[in-house]
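Heads up, query-v1.pdb below (PDB, C-alpha atoms, pLDDT in the B column):
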```
ATOM      1  CA  MET A 233    -109.438  19.446-116.835  1.00 47.00           C
ATOM      2  CA  LYS A 234    -108.844  19.220-113.094  1.00 42.00           C
ATOM      3  CA  ARG A 235    -112.594  19.133-112.414  1.00 46.00           C
ATOM      4  CA  SER A 236    -113.044  16.317-114.935  1.00 45.00           C
ATOM      5  CA  LYS A 237    -110.232  14.338-113.351  1.00 43.00           C
ATOM      6  CA  GLN A 238    -111.657  14.881-109.869  1.00 47.00           C
ATOM      7  CA  SER A 239    -115.117  13.823-111.032  1.00 48.00           C
ATOM      8  CA  PHE A 240    -113.644  10.697-112.618  1.00 41.00           C
ATOM      9  CA  LEU A 241    -111.802   9.801-109.408  1.00 40.00           C
ATOM     10  CA  GLN A 242    -114.936  10.405-107.342  1.00 46.00           C
ATOM     11  CA  CYS A 243    -116.952   8.142-109.649  1.00 46.00           C
ATOM     12  CA  ASN A 244    -114.325   5.394-109.368  1.00 47.00           C
ATOM     13  CA  ALA A 245    -114.259   5.747-105.583  1.00 42.00           C
ATOM     14  CA  ALA A 246    -118.050   5.611-105.420  1.00 44.00           C
ATOM     15  CA  SER A 247    -118.134   2.528-107.675  1.00 46.00           C
ATOM     16  CA  SER A 248    -115.506   0.788-105.543  1.00 46.00           C
ATOM     17  CA  MET A 249    -117.462   1.612-102.378  1.00 44.00           C
ATOM     18  CA  VAL A 250    -120.662   0.185-103.895  1.00 43.00           C
ATOM     19  CA  ILE A 251    -118.857  -3.020-104.859  1.00 47.00           C
ATOM     20  CA  VAL A 252    -117.343  -3.392-101.372  1.00 45.00           C
ATOM     21  CA  LEU A 253    -120.692  -2.768 -99.685  1.00 45.00           C
ATOM     22  CA  ALA A 254    -122.399  -5.269-101.986  1.00 46.00           C
ATOM     23  CA  LEU A 255    -119.759  -7.891-101.243  1.00 47.00           C
ATOM     24  CA  TRP A 256    -120.024  -7.154 -97.524  1.00 45.00           C
ATOM     25  CA  GLN A 257    -123.788  -7.592 -97.609  1.00 45.00           C
ATOM     26  CA  TRP A 258    -123.472 -10.770 -99.665  1.00 45.00           C
ATOM     27  CA  THR A 259    -120.866 -12.150 -97.259  1.00 45.00           C
ATOM     28  CA  THR A 260    -122.696 -11.364 -94.027  1.00 43.00           C
ATOM     29  CA  GLU A 261    -126.319 -11.761 -95.061  1.00 47.00           C
ATOM     30  CA  VAL A 262    -128.066 -14.559 -93.190  1.00 48.00           C
ATOM     31  CA  GLY A 263    -131.680 -15.531 -93.464  1.00 58.00           C
ATOM     32  CA  ALA A 264    -134.017 -18.458 -93.063  1.00 76.00           C
ATOM     33  CA  ILE A 265    -135.125 -20.353 -96.151  1.00 86.00           C
ATOM     34  CA  TRP A 266    -138.516 -21.984 -96.478  1.00 89.00           C
ATOM     35  CA  ILE A 267    -138.649 -25.208 -98.490  1.00 88.00           C
ATOM     36  CA  GLU A 268    -141.972 -26.776 -99.446  1.00 88.00           C
ATOM     37  CA  LEU A 269    -141.788 -30.566 -99.352  1.00 87.00           C
ATOM     38  CA  PRO A 270    -144.141 -32.609-101.549  1.00 87.00           C
ATOM     39  CA  PRO A 271    -145.665 -35.867-100.247  1.00 83.00           C
ATOM     40  CA  HIS A 272    -143.340 -37.827-102.521  1.00 83.00           C
ATOM     41  CA  GLY A 273    -139.901 -36.932-103.787  1.00 84.00           C
ATOM     42  CA  ALA A 274    -137.108 -34.786-102.422  1.00 88.00           C
ATOM     43  CA  LYS A 275    -136.310 -31.102-102.469  1.00 90.00           C
ATOM     44  CA  CYS A 276    -132.650 -30.098-102.585  1.00 91.00           C
ATOM     45  CA  LEU A 277    -130.758 -26.887-102.017  1.00 88.00           C
ATOM     46  CA  SER A 278    -127.194 -26.306-103.238  1.00 88.00           C
ATOM     47  CA  GLU A 279    -124.603 -23.736-102.228  1.00 87.00           C
ATOM     48  CA  GLU A 280    -121.154 -23.176-103.713  1.00 86.00           C
ATOM     49  CA  ILE A 281    -118.649 -23.076-100.848  1.00 85.00           C
ATOM     50  CA  GLN A 282    -114.869 -22.894-100.745  1.00 83.00           C
ATOM     51  CA  PRO A 283    -112.724 -25.260 -98.619  1.00 85.00           C
ATOM     52  CA  ASN A 284    -111.943 -24.561 -94.953  1.00 84.00           C
ATOM     53  CA  VAL A 285    -115.244 -22.733 -94.399  1.00 85.00           C
ATOM     54  CA  VAL A 286    -117.411 -23.347 -91.331  1.00 85.00           C
ATOM     55  CA  VAL A 287    -121.054 -24.187 -92.114  1.00 88.00           C
ATOM     56  CA  PHE A 288    -123.813 -24.334 -89.523  1.00 87.00           C
ATOM     57  CA  GLY A 289    -127.515 -24.987 -90.017  1.00 89.00           C
ATOM     58  CA  ASN A 290    -130.802 -25.532 -88.198  1.00 91.00           C
ATOM     59  CA  TYR A 291    -133.849 -27.129 -89.793  1.00 93.00           C
ATOM     60  CA  THR A 292    -137.428 -27.575 -88.554  1.00 91.00           C
ATOM     61  CA  LEU A 293    -140.333 -29.372 -90.210  1.00 90.00           C
ATOM     62  CA  PHE A 294    -143.868 -27.948 -90.094  1.00 88.00           C
ATOM     63  CA  SER A 295    -146.499 -30.442 -91.204  1.00 82.00           C
ATOM     64  CA  ASN A 296    -149.436 -29.410 -93.376  1.00 79.00           C
ATOM     65  CA  ASP A 297    -151.703 -31.371 -91.047  1.00 74.00           C
ATOM     66  CA  ASN A 298    -150.977 -30.650 -87.378  1.00 72.00           C
ATOM     67  CA  ARG A 299    -153.141 -33.563 -86.268  1.00 71.00           C
ATOM     68  CA  ILE A 300    -150.719 -36.099 -87.746  1.00 73.00           C
ATOM     69  CA  PRO A 301    -147.073 -36.118 -86.577  1.00 76.00           C
ATOM     70  CA  ALA A 302    -144.738 -35.997 -89.544  1.00 83.00           C
ATOM     71  CA  THR A 303    -141.045 -36.680 -89.928  1.00 87.00           C
ATOM     72  CA  MET A 304    -138.537 -36.233 -92.679  1.00 90.00           C
ATOM     73  CA  SER A 305    -135.109 -37.404 -93.804  1.00 92.00           C
ATOM     74  CA  VAL A 306    -132.141 -35.104 -94.289  1.00 94.00           C
ATOM     75  CA  LYS A 307    -128.950 -35.692 -96.239  1.00 94.00           C
ATOM     76  CA  ILE A 308    -126.075 -33.293 -96.892  1.00 93.00           C
ATOM     77  CA  THR A 309    -123.404 -34.276 -99.397  1.00 93.00           C
ATOM     78  CA  SER A 310    -120.140 -32.757-100.538  1.00 92.00           C
ATOM     79  CA  PRO A 311    -119.241 -31.937-104.180  1.00 92.00           C
ATOM     80  CA  PHE A 312    -117.476 -35.317-104.403  1.00 91.00           C
ATOM     81  CA  GLY A 313    -120.528 -37.190-103.100  1.00 90.00           C
ATOM     82  CA  ASN A 314    -119.366 -37.755 -99.517  1.00 91.00           C
ATOM     83  CA  ILE A 315    -122.208 -37.847 -96.985  1.00 92.00           C
ATOM     84  CA  LEU A 316    -121.595 -35.194 -94.325  1.00 92.00           C
ATOM     85  CA  HIS A 317    -124.927 -35.337 -92.482  1.00 93.00           C
ATOM     86  CA  ASN A 318    -127.655 -37.966 -92.688  1.00 93.00           C
ATOM     87  CA  LYS A 319    -130.738 -38.186 -90.445  1.00 92.00           C
ATOM     88  CA  ASP A 320    -133.950 -40.202 -90.805  1.00 90.00           C
ATOM     89  CA  LYS A 321    -137.356 -39.717 -89.174  1.00 89.00           C
ATOM     90  CA  VAL A 322    -136.651 -36.339 -87.593  1.00 90.00           C
ATOM     91  CA  SER A 323    -138.769 -33.213 -87.310  1.00 89.00           C
ATOM     92  CA  GLU A 324    -135.913 -30.887 -86.420  1.00 91.00           C
ATOM     93  CA  GLY A 325    -132.158 -30.904 -86.066  1.00 92.00           C
ATOM     94  CA  GLN A 326    -128.940 -29.126 -86.791  1.00 91.00           C
ATOM     95  CA  PHE A 327    -125.615 -29.724 -88.490  1.00 91.00           C
ATOM     96  CA  ALA A 328    -122.144 -28.213 -88.296  1.00 89.00           C
ATOM     97  CA  LEU A 329    -119.200 -28.956 -90.547  1.00 88.00           C
ATOM     98  CA  THR A 330    -116.012 -27.539 -92.012  1.00 88.00           C
ATOM     99  CA  THR A 331    -115.752 -27.871 -95.764  1.00 89.00           C
ATOM    100  CA  LYS A 332    -112.795 -29.706 -97.280  1.00 89.00           C
ATOM    101  CA  GLU A 333    -113.716 -29.644-100.955  1.00 87.00           C
ATOM    102  CA  PRO A 334    -114.537 -26.669-103.200  1.00 86.00           C
ATOM    103  CA  GLY A 335    -117.810 -26.822-105.069  1.00 87.00           C
ATOM    104  CA  ASN A 336    -121.560 -27.171-104.604  1.00 90.00           C
ATOM    105  CA  TYR A 337    -122.727 -28.665-101.311  1.00 92.00           C
ATOM    106  CA  LEU A 338    -126.152 -30.265-101.529  1.00 92.00           C
ATOM    107  CA  ALA A 339    -128.800 -30.449 -98.788  1.00 92.00           C
ATOM    108  CA  CYS A 340    -131.797 -32.682 -99.571  1.00 93.00           C
ATOM    109  CA  PHE A 341    -135.045 -33.118 -97.593  1.00 93.00           C
ATOM    110  CA  TRP A 342    -137.930 -35.537 -98.118  1.00 91.00           C
ATOM    111  CA  MET A 343    -140.980 -36.647 -96.164  1.00 88.00           C
ATOM    112  CA  ASP A 344    -140.989 -39.943 -94.270  1.00 83.00           C
ATOM    113  CA  SER A 345    -144.774 -40.000 -93.783  1.00 66.00           C
ATOM    114  CA  LYS A 346    -146.605 -42.545 -95.914  1.00 61.00           C
ATOM    115  CA  GLU A 347    -149.926 -40.766 -95.512  1.00 55.00           C
ATOM    116  CA  LYS A 348    -151.360 -39.871 -98.901  1.00 57.00           C
ATOM    117  CA  GLY A 349    -151.076 -36.184 -99.653  1.00 64.00           C
ATOM    118  CA  MET A 350    -149.000 -35.520 -96.543  1.00 75.00           C
ATOM    119  CA  GLY A 351    -146.542 -32.697 -97.196  1.00 81.00           C
ATOM    120  CA  GLY A 352    -144.816 -30.067 -95.151  1.00 86.00           C
ATOM    121  CA  ASN A 353    -142.573 -27.024 -95.028  1.00 88.00           C
ATOM    122  CA  VAL A 354    -139.006 -26.906 -93.800  1.00 90.00           C
ATOM    123  CA  ASN A 355    -137.481 -23.833 -92.216  1.00 91.00           C
ATOM    124  CA  LEU A 356    -133.739 -23.942 -92.929  1.00 90.00           C
ATOM    125  CA  ASP A 357    -131.361 -21.462 -91.339  1.00 87.00           C
ATOM    126  CA  TRP A 358    -128.074 -21.984 -93.181  1.00 84.00           C
ATOM    127  CA  LYS A 359    -125.094 -19.939 -91.981  1.00 84.00           C
ATOM    128  CA  ILE A 360    -121.760 -19.902 -93.790  1.00 83.00           C
ATOM    129  CA  GLY A 361    -118.355 -18.508 -92.921  1.00 77.00           C
ATOM    130  CA  ILE A 362    -118.339 -15.285 -90.932  1.00 73.00           C
ATOM    131  CA  ALA A 363    -122.073 -15.588 -90.206  1.00 71.00           C
ATOM    132  CA  THR A 364    -121.378 -18.608 -87.961  1.00 69.00           C
ATOM    133  CA  ARG A 365    -119.129 -16.655 -85.607  1.00 71.00           C
ATOM    134  CA  ASP A 366    -120.459 -15.940 -82.112  1.00 66.00           C
ATOM    135  CA  TRP A 367    -119.442 -12.314 -81.650  1.00 66.00           C
ATOM    136  CA  ASP A 368    -120.753 -12.195 -78.079  1.00 68.00           C
ATOM    137  CA  SER A 369    -118.280 -14.904 -77.088  1.00 68.00           C
ATOM    138  CA  VAL A 370    -115.488 -13.126 -78.972  1.00 64.00           C
ATOM    139  CA  ALA A 371    -116.278  -9.897 -77.144  1.00 68.00           C
ATOM    140  CA  ARG A 372    -116.235 -11.619 -73.750  1.00 69.00           C
ATOM    141  CA  MET A 373    -113.017 -13.542 -74.409  1.00 74.00           C
ATOM    142  CA  GLU A 374    -111.090 -10.591 -75.858  1.00 70.00           C
ATOM    143  CA  ARG A 375    -112.780  -8.015 -73.631  1.00 72.00           C
ATOM    144  CA  ILE A 376    -113.755  -5.711 -76.450  1.00 70.00           C
ATOM    145  CA  GLU A 377    -117.007  -3.885 -77.000  1.00 71.00           C
ATOM    146  CA  GLY A 378    -118.595  -0.966 -78.788  1.00 74.00           C
ATOM    147  CA  VAL A 379    -116.533   0.533 -81.592  1.00 73.00           C
ATOM    148  CA  SER A 380    -113.688  -1.960 -81.083  1.00 74.00           C
ATOM    149  CA  LEU A 381    -116.055  -4.868 -81.594  1.00 69.00           C
ATOM    150  CA  GLU A 382    -117.546  -3.299 -84.725  1.00 74.00           C
ATOM    151  CA  LEU A 383    -114.054  -2.662 -86.101  1.00 77.00           C
ATOM    152  CA  ARG A 384    -113.181  -6.295 -85.421  1.00 74.00           C
ATOM    153  CA  LYS A 385    -116.278  -7.385 -87.349  1.00 74.00           C
ATOM    154  CA  LEU A 386    -115.359  -5.118 -90.264  1.00 79.00           C
ATOM    155  CA  GLU A 387    -111.791  -6.418 -90.251  1.00 79.00           C
ATOM    156  CA  THR A 388    -113.007 -10.003 -90.404  1.00 75.00           C
ATOM    157  CA  THR A 389    -115.501  -9.122 -93.134  1.00 76.00           C
ATOM    158  CA  VAL A 390    -112.810  -7.419 -95.225  1.00 81.00           C
ATOM    159  CA  SER A 391    -110.592 -10.510 -94.873  1.00 79.00           C
ATOM    160  CA  VAL A 392    -113.431 -12.732 -96.098  1.00 76.00           C
ATOM    161  CA  ILE A 393    -114.143 -10.389 -99.011  1.00 81.00           C
ATOM    162  CA  ARG A 394    -110.463 -10.408 -99.939  1.00 85.00           C
ATOM    163  CA  GLU A 395    -110.408 -14.223 -99.907  1.00 80.00           C
ATOM    164  CA  ASN A 396    -113.486 -14.289-102.133  1.00 79.00           C
ATOM    165  CA  LEU A 397    -111.914 -11.818-104.558  1.00 86.00           C
ATOM    166  CA  VAL A 398    -108.692 -13.839-104.678  1.00 86.00           C
ATOM    167  CA  HIS A 399    -110.760 -16.954-105.372  1.00 81.00           C
ATOM    168  CA  LEU A 400    -112.619 -15.192-108.190  1.00 85.00           C
ATOM    169  CA  VAL A 401    -109.342 -13.960-109.703  1.00 90.00           C
ATOM    170  CA  ASN A 402    -107.829 -17.457-109.562  1.00 88.00           C
ATOM    171  CA  ARG A 403    -110.970 -18.957-111.030  1.00 85.00           C
ATOM    172  CA  GLU A 404    -110.984 -16.406-113.861  1.00 92.00           C
ATOM    173  CA  ARG A 405    -107.319 -17.193-114.534  1.00 93.00           C
ATOM    174  CA  ASP A 406    -108.031 -20.933-114.666  1.00 91.00           C
ATOM    175  CA  ILE A 407    -110.947 -20.385-117.049  1.00 92.00           C
ATOM    176  CA  ARG A 408    -108.779 -18.136-119.230  1.00 93.00           C
ATOM    177  CA  ASP A 409    -106.010 -20.757-119.349  1.00 93.00           C
ATOM    178  CA  ILE A 410    -108.498 -23.458-120.323  1.00 93.00           C
ATOM    179  CA  SER A 411    -109.948 -21.193-123.017  1.00 94.00           C
ATOM    180  CA  GLU A 412    -106.490 -20.404-124.417  1.00 93.00           C
ATOM    181  CA  ARG A 413    -105.516 -24.093-124.488  1.00 94.00           C
ATOM    182  CA  THR A 414    -108.799 -24.967-126.190  1.00 94.00           C
ATOM    183  CA  ASN A 415    -108.314 -22.238-128.811  1.00 94.00           C
ATOM    184  CA  ALA A 416    -104.750 -23.443-129.451  1.00 93.00           C
ATOM    185  CA  ARG A 417    -105.963 -27.022-129.956  1.00 94.00           C
ATOM    186  CA  ILE A 418    -108.729 -25.879-132.290  1.00 94.00           C
ATOM    187  CA  ALA A 419    -106.237 -23.839-134.318  1.00 93.00           C
ATOM    188  CA  TYR A 420    -103.892 -26.844-134.518  1.00 94.00           C
ATOM    189  CA  LEU A 421    -106.729 -29.132-135.640  1.00 94.00           C
ATOM    190  CA  SER A 422    -107.869 -26.565-138.202  1.00 93.00           C
ATOM    191  CA  ILE A 423    -104.382 -26.286-139.721  1.00 94.00           C
ATOM    192  CA  THR A 424    -103.992 -30.066-139.682  1.00 93.00           C
ATOM    193  CA  SER A 425    -107.371 -30.494-141.380  1.00 94.00           C
ATOM    194  CA  LEU A 426    -106.390 -27.921-144.010  1.00 93.00           C
ATOM    195  CA  PHE A 427    -103.164 -29.750-144.872  1.00 93.00           C
ATOM    196  CA  ILE A 428    -105.013 -33.071-144.981  1.00 94.00           C
ATOM    197  CA  CYS A 429    -107.572 -31.611-147.397  1.00 94.00           C
ATOM    198  CA  ILE A 430    -104.786 -30.189-149.589  1.00 93.00           C
ATOM    199  CA  GLY A 431    -102.992 -33.551-149.578  1.00 92.00           C
ATOM    200  CA  VAL A 432    -106.146 -35.480-150.419  1.00 92.00           C
ATOM    201  CA  SER A 433    -106.941 -33.030-153.233  1.00 91.00           C
ATOM    202  CA  ALA A 434    -103.432 -33.420-154.666  1.00 90.00           C
ATOM    203  CA  LEU A 435    -103.752 -37.212-154.574  1.00 91.00           C
ATOM    204  CA  GLN A 436    -107.124 -37.014-156.304  1.00 90.00           C
ATOM    205  CA  MET A 437    -105.643 -34.799-159.034  1.00 90.00           C
ATOM    206  CA  CYS A 438    -102.777 -37.237-159.588  1.00 89.00           C
ATOM    207  CA  HIS A 439    -105.166 -40.168-159.672  1.00 86.00           C
ATOM    208  CA  LEU A 440    -107.455 -38.447-162.182  1.00 85.00           C
ATOM    209  CA  GLU A 441    -104.488 -37.431-164.325  1.00 83.00           C
ATOM    210  CA  ASN A 442    -103.201 -41.012-164.444  1.00 84.00           C
ATOM    211  CA  PHE A 443    -106.694 -42.292-165.171  1.00 80.00           C
ATOM    212  CA  PHE A 444    -107.158 -39.914-168.116  1.00 81.00           C
ATOM    213  CA  ARG A 445    -103.700 -40.750-169.447  1.00 80.00           C
ATOM    214  CA  LYS A 446    -104.481 -44.460-169.346  1.00 80.00           C
ATOM    215  CA  LYS A 447    -107.750 -43.795-171.201  1.00 74.00           C
ATOM    216  CA  LYS A 448    -105.745 -41.642-173.676  1.00 70.00           C
ATOM    217  CA  LEU A 449    -107.999 -38.692-172.978  1.00 68.00           C
ATOM    218  CA  LEU A 450    -105.031 -36.424-172.344  1.00 61.00           C
TER     219      LEU A 450
END
```
What would the structure in this file look like if it were written as structure tokens?
Amino acid sequence: MKRSKQSFLQCNAASSMVIVLALWQWTTEVGAIWIELPPHGAKCLSEEIQPNVVVFGNYTLFSNDNRIPATMSVKITSPFGNILHNKDKVSEGQFALTTKEPGNYLACFWMDSKEKGMGGNVNLDWKIGIATRDWDSVARMERIEGVSLELRKLETTVSVIRENLVHLVNRERDIRDISERTNARIAYLSITSLFICIGVSALQMCHLENFFRKKKLL
């Protein structure tokens, strides 16, 4: 019995460690994204971000034809449609912002070149939250290094993971409340519809009874 309990606790601990490591990797993972731009039309990339999060990005355009200089337009909008970054006729650039609204932030790119068949590829390095922090500057300012610096990184990462978990819990609670309210309304409408059907049926029976009595069929 003791061995079974110990095995169960070890499995739970291992599962929790896997979840924490996965969240840590998801929180700190940063990588460049390649976006292929067609000659006509726009390509957009969306990312769900919470408020009060620092976002930093670099973008560079590589033309399909190096002999012809190409430029593009860039627009970044908030979930409510506010324009946060807008550039025309650029081949490279960067943006930095702090989110104020929760939801999907949209980054759109399209070619400015009017040459037929002229496309390109955009290299986008999009950093969010903890990935935007300059740890070298933190180490110099606070005079920490080695294990202390790594512990500081882990502490910050754990704080971010906790905030994400709290957000997920609150979001699940909101969805559950909406579901419960919707189920209550459906139940109320169902009961109301049932009583209406019973009332209409009773009226029909009375009407038919009066009709048959007038026709002396009853």
What is the distance, in Å and to one decimal place, between CA of Leu269 in chain A and CA of Asn353 in chain A?
5.6 Å
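When the PyMOL selection byres ((chain A and resi 328) around 10) is evaluated on the file shown here, the picked residues come out as Val286, Val287, Phe288, Gly289, Asn290, Leu316, His317, Gln326, Phe327, Leu329, Thr330, Thr331, Trp358, Lys359, Ile360 and Thr364 of chain A.
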Hits of the PyMOL selection byres ((chain A and resi 303-308) around 8) in this structure, as number ranges by chain:
A: 293, 301-302, 309-310, 315-323, 337-345
Separating CA of Asn314 in chain A from CA of Asp409 in chain A, to the nearest tenth of an Å, is a gap of 29.3 Å
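When CA of Thr424 in chain A is paired with CA of Arg408 in chain A, their separation reads 24.2 Å.
The shortest atom-to-atom distance to Met350 in chain A, with all atoms listed in the file taken into account, belongs to A:Pro271 out of A:Ala419, A:Pro271, A:Val392, A:His399.
What the PyMOL selection byres ((chain A and resi 292) around 8) grabs from this file is A:Asn290, A:Tyr291, A:Leu293, A:Phe294, A:Ser323, A:Glu324, A:Gly325, A:Val354, A:Asn355, A:Leu356.
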Please list as a count of residues only every residue within 6 Å of Pro283 in chain A, counting all atoms listed in the file and excluding residues in the same chain fewer than 4 positions away.
4
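Closest approach to Pro311 in chain A among A:Glu279, A:Asn284, A:Ile265, A:Arg375: A:Glu279, based on all atoms listed in the file.
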Completion step: range 298-307 of chain A with all heavy atoms as a compact mmCIF listing (two decimals), in the coordinates of the input:
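To be explicit, this is the file written out as selection-v5.txt:
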```txt
# COMPACT_ATOMS: atom_id res chain seq x y z
N ASN A 298 -151.50 -30.61 -88.74
CA ASN A 298 -150.98 -30.65 -87.38
C ASN A 298 -151.51 -31.82 -86.55
O ASN A 298 -150.95 -32.14 -85.51
CB ASN A 298 -151.31 -29.33 -86.66
CG ASN A 298 -150.61 -28.15 -87.30
OD1 ASN A 298 -149.50 -28.28 -87.80
ND2 ASN A 298 -151.27 -27.00 -87.28
N ARG A 299 -152.58 -32.45 -87.02
CA ARG A 299 -153.14 -33.56 -86.27
C ARG A 299 -152.31 -34.83 -86.41
O ARG A 299 -152.38 -35.73 -85.59
CB ARG A 299 -154.57 -33.84 -86.74
CG ARG A 299 -155.54 -32.68 -86.50
CD ARG A 299 -156.87 -32.95 -87.15
NE ARG A 299 -156.73 -33.12 -88.60
CZ ARG A 299 -157.75 -33.45 -89.41
NH1 ARG A 299 -158.96 -33.65 -88.91
NH2 ARG A 299 -157.54 -33.57 -90.71
N ILE A 300 -151.52 -34.90 -87.48
CA ILE A 300 -150.72 -36.10 -87.75
C ILE A 300 -149.25 -35.75 -87.60
O ILE A 300 -148.75 -34.85 -88.29
CB ILE A 300 -150.99 -36.65 -89.17
CG1 ILE A 300 -152.48 -36.94 -89.33
CG2 ILE A 300 -150.15 -37.89 -89.42
CD1 ILE A 300 -152.85 -37.39 -90.73
N PRO A 301 -148.51 -36.41 -86.71
CA PRO A 301 -147.07 -36.12 -86.58
C PRO A 301 -146.34 -36.56 -87.84
O PRO A 301 -146.58 -37.64 -88.37
CB PRO A 301 -146.65 -36.94 -85.35
CG PRO A 301 -147.67 -38.02 -85.25
CD PRO A 301 -148.96 -37.44 -85.74
N ALA A 302 -145.47 -35.71 -88.31
CA ALA A 302 -144.74 -36.00 -89.54
C ALA A 302 -143.25 -35.90 -89.28
O ALA A 302 -142.78 -35.13 -88.44
CB ALA A 302 -145.15 -35.02 -90.64
N THR A 303 -142.51 -36.70 -90.01
CA THR A 303 -141.04 -36.68 -89.93
C THR A 303 -140.47 -36.63 -91.33
O THR A 303 -141.17 -36.86 -92.33
CB THR A 303 -140.50 -37.92 -89.19
OG1 THR A 303 -140.93 -39.10 -89.89
CG2 THR A 303 -141.00 -37.96 -87.75
N MET A 304 -139.21 -36.34 -91.38
CA MET A 304 -138.54 -36.23 -92.68
C MET A 304 -137.14 -36.81 -92.57
O MET A 304 -136.64 -37.10 -91.48
CB MET A 304 -138.45 -34.78 -93.13
CG MET A 304 -137.59 -33.91 -92.23
SD MET A 304 -137.45 -32.22 -92.81
CE MET A 304 -136.47 -31.49 -91.47
N SER A 305 -136.50 -36.97 -93.73
CA SER A 305 -135.11 -37.40 -93.80
C SER A 305 -134.27 -36.27 -94.38
O SER A 305 -134.74 -35.52 -95.23
CB SER A 305 -134.97 -38.65 -94.68
OG SER A 305 -135.65 -39.75 -94.11
N VAL A 306 -133.05 -36.18 -93.89
CA VAL A 306 -132.14 -35.10 -94.29
C VAL A 306 -130.81 -35.71 -94.69
O VAL A 306 -130.28 -36.59 -93.99
CB VAL A 306 -131.93 -34.09 -93.14
CG1 VAL A 306 -131.05 -32.93 -93.61
CG2 VAL A 306 -133.25 -33.58 -92.62
N LYS A 307 -130.27 -35.24 -95.80
CA LYS A 307 -128.95 -35.69 -96.24
C LYS A 307 -128.19 -34.51 -96.83
O LYS A 307 -128.70 -33.78 -97.66
CB LYS A 307 -129.06 -36.81 -97.27
CG LYS A 307 -127.69 -37.32 -97.76
CD LYS A 307 -127.84 -38.33 -98.88
CE LYS A 307 -128.43 -39.62 -98.38
NZ LYS A 307 -128.45 -40.66 -99.46
```
